[in-house]
>>> print(open('query_16.cif').read())   # mmCIF, N, CA and C atoms
data_run
#
loop_
_atom_site.label_atom_id
_atom_site.label_comp_id
_atom_site.auth_asym_id
_atom_site.auth_seq_id
_atom_site.Cartn_x
_atom_site.Cartn_y
_atom_site.Cartn_z
N MET Z 1 37.29 152.03 104.78
CA MET Z 1 38.28 151.10 105.29
C MET Z 1 39.69 151.48 104.80
N LYS Z 2 39.81 151.86 103.51
CA LYS Z 2 41.11 152.25 102.97
C LYS Z 2 41.63 153.50 103.65
N GLY Z 3 40.74 154.42 103.98
CA GLY Z 3 41.14 155.66 104.63
C GLY Z 3 41.74 155.41 106.01
N ILE Z 4 41.14 154.51 106.76
CA ILE Z 4 41.65 154.18 108.09
C ILE Z 4 43.01 153.50 107.97
N LEU Z 5 43.13 152.59 107.03
CA LEU Z 5 44.39 151.88 106.82
C LEU Z 5 45.51 152.85 106.43
N LYS Z 6 45.20 153.81 105.58
CA LYS Z 6 46.20 154.81 105.18
C LYS Z 6 46.63 155.66 106.37
N ARG Z 7 45.68 156.04 107.22
CA ARG Z 7 46.01 156.85 108.39
C ARG Z 7 46.87 156.07 109.38
N VAL Z 8 46.55 154.81 109.60
CA VAL Z 8 47.34 153.99 110.51
C VAL Z 8 48.74 153.80 109.96
N LEU Z 9 48.87 153.55 108.67
CA LEU Z 9 50.18 153.39 108.04
C LEU Z 9 50.99 154.69 108.12
N ALA Z 10 50.34 155.81 107.85
CA ALA Z 10 51.03 157.10 107.93
C ALA Z 10 51.47 157.40 109.36
N ALA Z 11 50.64 157.07 110.33
CA ALA Z 11 51.00 157.29 111.74
C ALA Z 11 52.18 156.41 112.14
N ALA Z 12 52.20 155.15 111.65
CA ALA Z 12 53.31 154.24 111.97
C ALA Z 12 54.61 154.74 111.36
N VAL Z 13 54.57 155.22 110.13
CA VAL Z 13 55.77 155.75 109.47
C VAL Z 13 56.25 157.01 110.18
N LEU Z 14 55.33 157.87 110.57
CA LEU Z 14 55.68 159.10 111.28
C LEU Z 14 56.28 158.77 112.65
N LEU Z 15 55.71 157.83 113.36
CA LEU Z 15 56.23 157.43 114.67
C LEU Z 15 57.64 156.83 114.55
N ALA Z 16 57.86 156.00 113.52
CA ALA Z 16 59.18 155.42 113.31
C ALA Z 16 60.21 156.51 112.98
N GLY Z 17 59.82 157.48 112.18
CA GLY Z 17 60.72 158.58 111.84
C GLY Z 17 61.06 159.43 113.06
N VAL Z 18 60.07 159.72 113.90
CA VAL Z 18 60.31 160.50 115.11
C VAL Z 18 61.21 159.73 116.07
N LEU Z 19 61.00 158.41 116.20
CA LEU Z 19 61.82 157.58 117.06
C LEU Z 19 63.27 157.54 116.58
N TYR Z 20 63.47 157.40 115.27
CA TYR Z 20 64.83 157.38 114.71
C TYR Z 20 65.51 158.73 114.91
N LEU Z 21 64.80 159.81 114.64
CA LEU Z 21 65.37 161.15 114.81
C LEU Z 21 65.72 161.41 116.27
N GLY Z 22 64.84 161.02 117.18
CA GLY Z 22 65.12 161.20 118.60
C GLY Z 22 66.33 160.40 119.04
N ASP Z 23 66.45 159.17 118.55
CA ASP Z 23 67.61 158.34 118.87
C ASP Z 23 68.89 158.97 118.34
N TYR Z 24 68.84 159.51 117.14
CA TYR Z 24 70.00 160.18 116.55
C TYR Z 24 70.39 161.42 117.35
N LEU Z 25 69.41 162.21 117.76
CA LEU Z 25 69.71 163.43 118.51
C LEU Z 25 70.30 163.11 119.89
N VAL Z 26 69.80 162.06 120.54
CA VAL Z 26 70.37 161.65 121.82
C VAL Z 26 71.81 161.19 121.63
N LEU Z 27 72.09 160.46 120.57
CA LEU Z 27 73.46 160.02 120.30
C LEU Z 27 74.36 161.20 119.99
N ARG Z 28 73.88 162.17 119.22
CA ARG Z 28 74.68 163.37 118.94
C ARG Z 28 74.98 164.14 120.23
N TYR Z 29 74.01 164.19 121.12
CA TYR Z 29 74.22 164.84 122.42
C TYR Z 29 75.30 164.10 123.21
N ARG Z 30 75.27 162.77 123.19
CA ARG Z 30 76.29 161.99 123.89
C ARG Z 30 77.67 162.22 123.28
N VAL Z 31 77.74 162.35 121.97
CA VAL Z 31 79.03 162.64 121.31
C VAL Z 31 79.52 164.02 121.76
N TRP Z 32 78.64 164.98 121.79
CA TRP Z 32 78.99 166.33 122.19
C TRP Z 32 79.46 166.38 123.64
N ARG Z 33 78.80 165.64 124.53
CA ARG Z 33 79.14 165.61 125.95
C ARG Z 33 80.22 164.58 126.27
N ASN Z 34 80.66 163.81 125.27
CA ASN Z 34 81.68 162.77 125.46
C ASN Z 34 81.26 161.77 126.53
N HIS Z 35 80.03 161.24 126.37
CA HIS Z 35 79.45 160.38 127.39
C HIS Z 35 78.92 159.08 126.78
N ARG Z 36 79.56 157.97 127.03
CA ARG Z 36 79.09 156.61 126.73
C ARG Z 36 78.43 156.45 125.36
N ARG Z 37 79.08 156.85 124.33
CA ARG Z 37 78.47 156.79 123.00
C ARG Z 37 78.83 155.53 122.25
N TYR Z 38 80.03 155.02 122.44
CA TYR Z 38 80.49 153.84 121.72
C TYR Z 38 80.78 152.71 122.69
N GLY Z 39 80.70 151.48 122.16
CA GLY Z 39 81.06 150.29 122.92
C GLY Z 39 81.91 149.39 122.04
N THR Z 40 82.43 148.34 122.62
CA THR Z 40 83.24 147.38 121.87
C THR Z 40 82.77 145.97 122.21
N ILE Z 41 82.52 145.18 121.19
CA ILE Z 41 82.08 143.79 121.34
C ILE Z 41 83.10 142.91 120.62
N THR Z 42 83.47 141.79 121.25
CA THR Z 42 84.39 140.83 120.63
C THR Z 42 83.58 139.87 119.76
N VAL Z 43 83.94 139.79 118.48
CA VAL Z 43 83.22 138.97 117.50
C VAL Z 43 84.17 137.90 116.97
N GLU Z 44 83.66 136.66 116.85
CA GLU Z 44 84.45 135.57 116.28
C GLU Z 44 84.25 135.55 114.77
N ILE Z 45 85.35 135.47 114.03
CA ILE Z 45 85.31 135.43 112.58
C ILE Z 45 85.37 133.96 112.14
N LEU Z 46 84.41 133.54 111.31
CA LEU Z 46 84.40 132.20 110.75
C LEU Z 46 84.41 132.30 109.23
N TYR Z 47 85.31 131.53 108.60
CA TYR Z 47 85.36 131.46 107.15
C TYR Z 47 84.58 130.24 106.70
N ALA Z 48 83.58 130.43 105.85
CA ALA Z 48 82.77 129.34 105.30
C ALA Z 48 83.35 128.98 103.93
N ILE Z 49 83.95 127.77 103.84
CA ILE Z 49 84.60 127.33 102.61
C ILE Z 49 83.75 126.26 101.97
N SER Z 50 83.24 126.51 100.76
CA SER Z 50 82.42 125.54 100.04
C SER Z 50 83.30 124.41 99.51
N GLN Z 51 82.85 123.16 99.72
CA GLN Z 51 83.59 122.00 99.25
C GLN Z 51 83.11 121.63 97.85
N LYS Z 52 84.02 121.56 96.92
CA LYS Z 52 83.68 121.26 95.54
C LYS Z 52 84.15 119.85 95.14
N SER Z 53 84.61 119.06 96.10
CA SER Z 53 85.20 117.75 95.79
C SER Z 53 84.16 116.76 95.28
N THR Z 54 82.96 116.79 95.80
CA THR Z 54 81.93 115.87 95.34
C THR Z 54 80.79 116.66 94.71
N PRO Z 55 80.57 116.47 93.40
CA PRO Z 55 79.52 117.22 92.72
C PRO Z 55 78.14 116.84 93.25
N GLY Z 56 77.27 117.81 93.32
CA GLY Z 56 75.90 117.56 93.75
C GLY Z 56 75.68 117.69 95.25
N THR Z 57 76.74 117.79 96.01
CA THR Z 57 76.58 117.97 97.45
C THR Z 57 77.01 119.38 97.82
N ASN Z 58 76.28 119.96 98.70
CA ASN Z 58 76.57 121.33 99.14
C ASN Z 58 77.15 121.28 100.55
N LYS Z 59 78.38 120.84 100.67
CA LYS Z 59 79.03 120.77 101.96
C LYS Z 59 79.87 122.03 102.17
N THR Z 60 79.88 122.48 103.40
CA THR Z 60 80.63 123.67 103.76
C THR Z 60 81.52 123.36 104.95
N GLU Z 61 82.77 123.76 104.86
CA GLU Z 61 83.71 123.60 105.97
C GLU Z 61 83.91 124.98 106.59
N TYR Z 62 83.90 125.01 107.92
CA TYR Z 62 84.09 126.27 108.63
C TYR Z 62 85.46 126.29 109.28
N GLN Z 63 86.16 127.41 109.13
CA GLN Z 63 87.48 127.56 109.70
C GLN Z 63 87.51 128.86 110.50
N SER Z 64 88.03 128.78 111.70
CA SER Z 64 88.07 129.95 112.57
C SER Z 64 89.11 130.95 112.08
N GLY Z 65 88.75 132.19 112.11
CA GLY Z 65 89.67 133.26 111.73
C GLY Z 65 90.09 134.09 112.92
N GLY Z 66 89.78 133.61 114.11
CA GLY Z 66 90.17 134.33 115.32
C GLY Z 66 89.07 135.25 115.81
N PHE Z 67 89.44 136.11 116.73
CA PHE Z 67 88.50 137.04 117.32
C PHE Z 67 88.90 138.46 116.95
N GLN Z 68 87.89 139.33 116.88
CA GLN Z 68 88.12 140.72 116.48
C GLN Z 68 87.22 141.62 117.31
N ASN Z 69 87.75 142.73 117.79
CA ASN Z 69 86.93 143.71 118.49
C ASN Z 69 86.23 144.58 117.46
N GLN Z 70 84.91 144.77 117.66
CA GLN Z 70 84.13 145.57 116.73
C GLN Z 70 83.45 146.70 117.50
N THR Z 71 83.54 147.91 116.97
CA THR Z 71 82.96 149.08 117.60
C THR Z 71 81.46 149.13 117.31
N CYS Z 72 80.69 149.54 118.31
CA CYS Z 72 79.24 149.68 118.15
C CYS Z 72 78.79 150.95 118.86
N VAL Z 73 77.56 151.38 118.58
CA VAL Z 73 77.01 152.59 119.21
C VAL Z 73 75.94 152.19 120.22
N ASN Z 74 75.90 152.90 121.34
CA ASN Z 74 74.89 152.66 122.37
C ASN Z 74 73.63 153.42 122.01
N SER Z 75 72.82 152.83 121.14
CA SER Z 75 71.58 153.45 120.69
C SER Z 75 70.62 152.35 120.22
N LEU Z 76 69.42 152.74 119.85
CA LEU Z 76 68.44 151.78 119.36
C LEU Z 76 68.70 151.38 117.91
N PHE Z 77 69.16 152.32 117.11
CA PHE Z 77 69.37 152.11 115.69
C PHE Z 77 70.85 152.26 115.35
N PRO Z 78 71.29 151.68 114.23
CA PRO Z 78 72.68 151.89 113.81
C PRO Z 78 72.87 153.33 113.31
N HIS Z 79 73.99 153.92 113.73
CA HIS Z 79 74.33 155.28 113.31
C HIS Z 79 75.83 155.35 113.04
N PHE Z 80 76.24 156.32 112.25
CA PHE Z 80 77.65 156.61 111.96
C PHE Z 80 78.38 155.41 111.36
N GLY Z 81 77.67 154.49 110.73
CA GLY Z 81 78.30 153.33 110.11
C GLY Z 81 78.58 152.19 111.08
N TYR Z 82 78.11 152.28 112.32
CA TYR Z 82 78.31 151.23 113.31
C TYR Z 82 76.98 150.58 113.65
N SER Z 83 77.03 149.31 114.00
CA SER Z 83 75.84 148.59 114.45
C SER Z 83 75.49 149.02 115.86
N ALA Z 84 74.24 148.80 116.24
CA ALA Z 84 73.82 149.05 117.61
C ALA Z 84 74.39 147.96 118.51
N CYS Z 85 74.81 148.33 119.72
CA CYS Z 85 75.46 147.37 120.62
C CYS Z 85 74.51 146.24 121.03
N TRP Z 86 73.23 146.54 121.25
CA TRP Z 86 72.29 145.49 121.65
C TRP Z 86 72.15 144.45 120.53
N TYR Z 87 72.23 144.88 119.29
CA TYR Z 87 72.13 143.97 118.15
C TYR Z 87 73.40 143.13 118.02
N LEU Z 88 74.54 143.76 118.19
CA LEU Z 88 75.82 143.08 118.02
C LEU Z 88 76.09 142.08 119.14
N LYS Z 89 75.58 142.34 120.33
CA LYS Z 89 75.76 141.40 121.45
C LYS Z 89 75.08 140.07 121.17
N ARG Z 90 74.03 140.08 120.38
CA ARG Z 90 73.29 138.86 120.07
C ARG Z 90 73.86 138.11 118.86
N ARG Z 91 74.74 138.76 118.13
CA ARG Z 91 75.35 138.16 116.94
C ARG Z 91 76.86 138.28 117.05
N THR Z 92 77.46 137.41 117.87
CA THR Z 92 78.89 137.50 118.14
C THR Z 92 79.72 136.65 117.18
N THR Z 93 79.09 136.10 116.15
CA THR Z 93 79.82 135.33 115.14
C THR Z 93 79.59 135.97 113.79
N LYS Z 94 80.69 136.25 113.08
CA LYS Z 94 80.60 136.84 111.74
C LYS Z 94 81.13 135.81 110.75
N THR Z 95 80.28 135.38 109.81
CA THR Z 95 80.65 134.38 108.82
C THR Z 95 81.00 135.05 107.50
N ILE Z 96 82.16 134.67 106.95
CA ILE Z 96 82.60 135.21 105.67
C ILE Z 96 82.65 134.06 104.68
N ASN Z 97 81.88 134.15 103.60
CA ASN Z 97 81.85 133.09 102.58
C ASN Z 97 83.03 133.25 101.63
N ILE Z 98 83.71 132.12 101.39
CA ILE Z 98 84.84 132.12 100.48
C ILE Z 98 84.49 131.24 99.30
#
>>> encode(input="query_16.cif", output="structure tokens")
Amino acid sequence: MKGILKRVLAAAVLLAGVLYLGDYLVLRYRVWRNHRRYGTITVEILYAISQKSTPGTNKTEYQSGGFQNQTCVNSLFPHFGYSACWYLKRRTTKTINI
């Protein structure tokens, strides 16, 4: 039973590595061909300010910090220090704790 589990785990790790490498190589090809490699998503910035006026309560006030364009990569995984566009489209609010 342990042998089968080890083989399945090794196959899953190998498949994930091959998928990541393939995604990276496709993105490098797009960079080389100058074809649809980056995107831009508008993200709302929210500042989370902890209220310390009443002890024992954990109240937080949110203040808008405006909107900001954020660069993303058109790939499955994050590369080159940018998030994937499909991931960033689902998270259009960035909260900063103060």
>>> closest_residue(input="query_16.cif", among="Z:Thr95, Z:Leu46, Z:Ala12, Z:Asn74", to="Val26 (chain Z)", atoms="only N, CA and C atoms")
Z:Asn74
>>> resolve_selection(input="query_16.cif", expression="the PyMOL selection byres ((chain Z and resi 72) around 6.5)", output="mmCIF file with N, CA and C atoms, in the frame of the given file")
data_model
loop_
_atom_site.group_PDB
_atom_site.id
_atom_site.type_symbol
_atom_site.label_atom_id
_atom_site.label_comp_id
_atom_site.auth_asym_id
_atom_site.auth_seq_id
_atom_site.Cartn_x
_atom_site.Cartn_y
_atom_site.Cartn_z
ATOM 1 N N ARG Z 37 79.080 156.850 124.330
ATOM 2 C CA ARG Z 37 78.470 156.790 123.000
ATOM 3 C C ARG Z 37 78.830 155.530 122.250
ATOM 4 N N TYR Z 38 80.030 155.020 122.440
ATOM 5 C CA TYR Z 38 80.490 153.840 121.720
ATOM 6 C C TYR Z 38 80.780 152.710 122.690
ATOM 7 N N GLY Z 39 80.700 151.480 122.160
ATOM 8 C CA GLY Z 39 81.060 150.290 122.920
ATOM 9 C C GLY Z 39 81.910 149.390 122.040
ATOM 10 N N THR Z 40 82.430 148.340 122.620
ATOM 11 C CA THR Z 40 83.240 147.380 121.870
ATOM 12 C C THR Z 40 82.770 145.970 122.210
ATOM 13 N N ILE Z 41 82.520 145.180 121.190
ATOM 14 C CA ILE Z 41 82.080 143.790 121.340
ATOM 15 C C ILE Z 41 83.100 142.910 120.620
ATOM 16 N N GLN Z 70 84.910 144.770 117.660
ATOM 17 C CA GLN Z 70 84.130 145.570 116.730
ATOM 18 C C GLN Z 70 83.450 146.700 117.500
ATOM 19 N N THR Z 71 83.540 147.910 116.970
ATOM 20 C CA THR Z 71 82.960 149.080 117.600
ATOM 21 C C THR Z 71 81.460 149.130 117.310
ATOM 22 N N VAL Z 73 77.560 151.380 118.580
ATOM 23 C CA VAL Z 73 77.010 152.590 119.210
ATOM 24 C C VAL Z 73 75.940 152.190 120.220
ATOM 25 N N ASN Z 74 75.900 152.900 121.340
ATOM 26 C CA ASN Z 74 74.890 152.660 122.370
ATOM 27 C C ASN Z 74 73.630 153.420 122.010
ATOM 28 N N TYR Z 82 78.110 152.280 112.320
ATOM 29 C CA TYR Z 82 78.310 151.230 113.310
ATOM 30 C C TYR Z 82 76.980 150.580 113.650
ATOM 31 N N SER Z 83 77.030 149.310 114.000
ATOM 32 C CA SER Z 83 75.840 148.590 114.450
ATOM 33 C C SER Z 83 75.490 149.020 115.860
ATOM 34 N N ALA Z 84 74.240 148.800 116.240
ATOM 35 C CA ALA Z 84 73.820 149.050 117.610
ATOM 36 C C ALA Z 84 74.390 147.960 118.510
ATOM 37 N N CYS Z 85 74.810 148.330 119.720
ATOM 38 C CA CYS Z 85 75.460 147.370 120.620
ATOM 39 C C CYS Z 85 74.510 146.240 121.030
#
>>> atom_distance(input="query_16.cif", atom1="CA of Gln68 (chain Z)", atom2="CA of Phe80 (chain Z)")
19.6 Å
>>> atom_distance(input="query_16.cif", atom1="atom N of Asn97 (chain Z)", atom2="atom N of Glu44 (chain Z)")
13.6 Å
>>> resolve_selection(input="query_16.cif", expression="the PyMOL selection byres ((chain Z and resi 50) around 7)", output="PyMOL selection string")
chain Z and resi 48-49+51-53+58-61+97-98
>>> select_by_dssp(input="query_16.cif", residues="chain Z", states="strand (DSSP E or B)", output="NGL selection string")
:Z and (38-50 or 60-73 or 79 or 82-84 or 93-97)
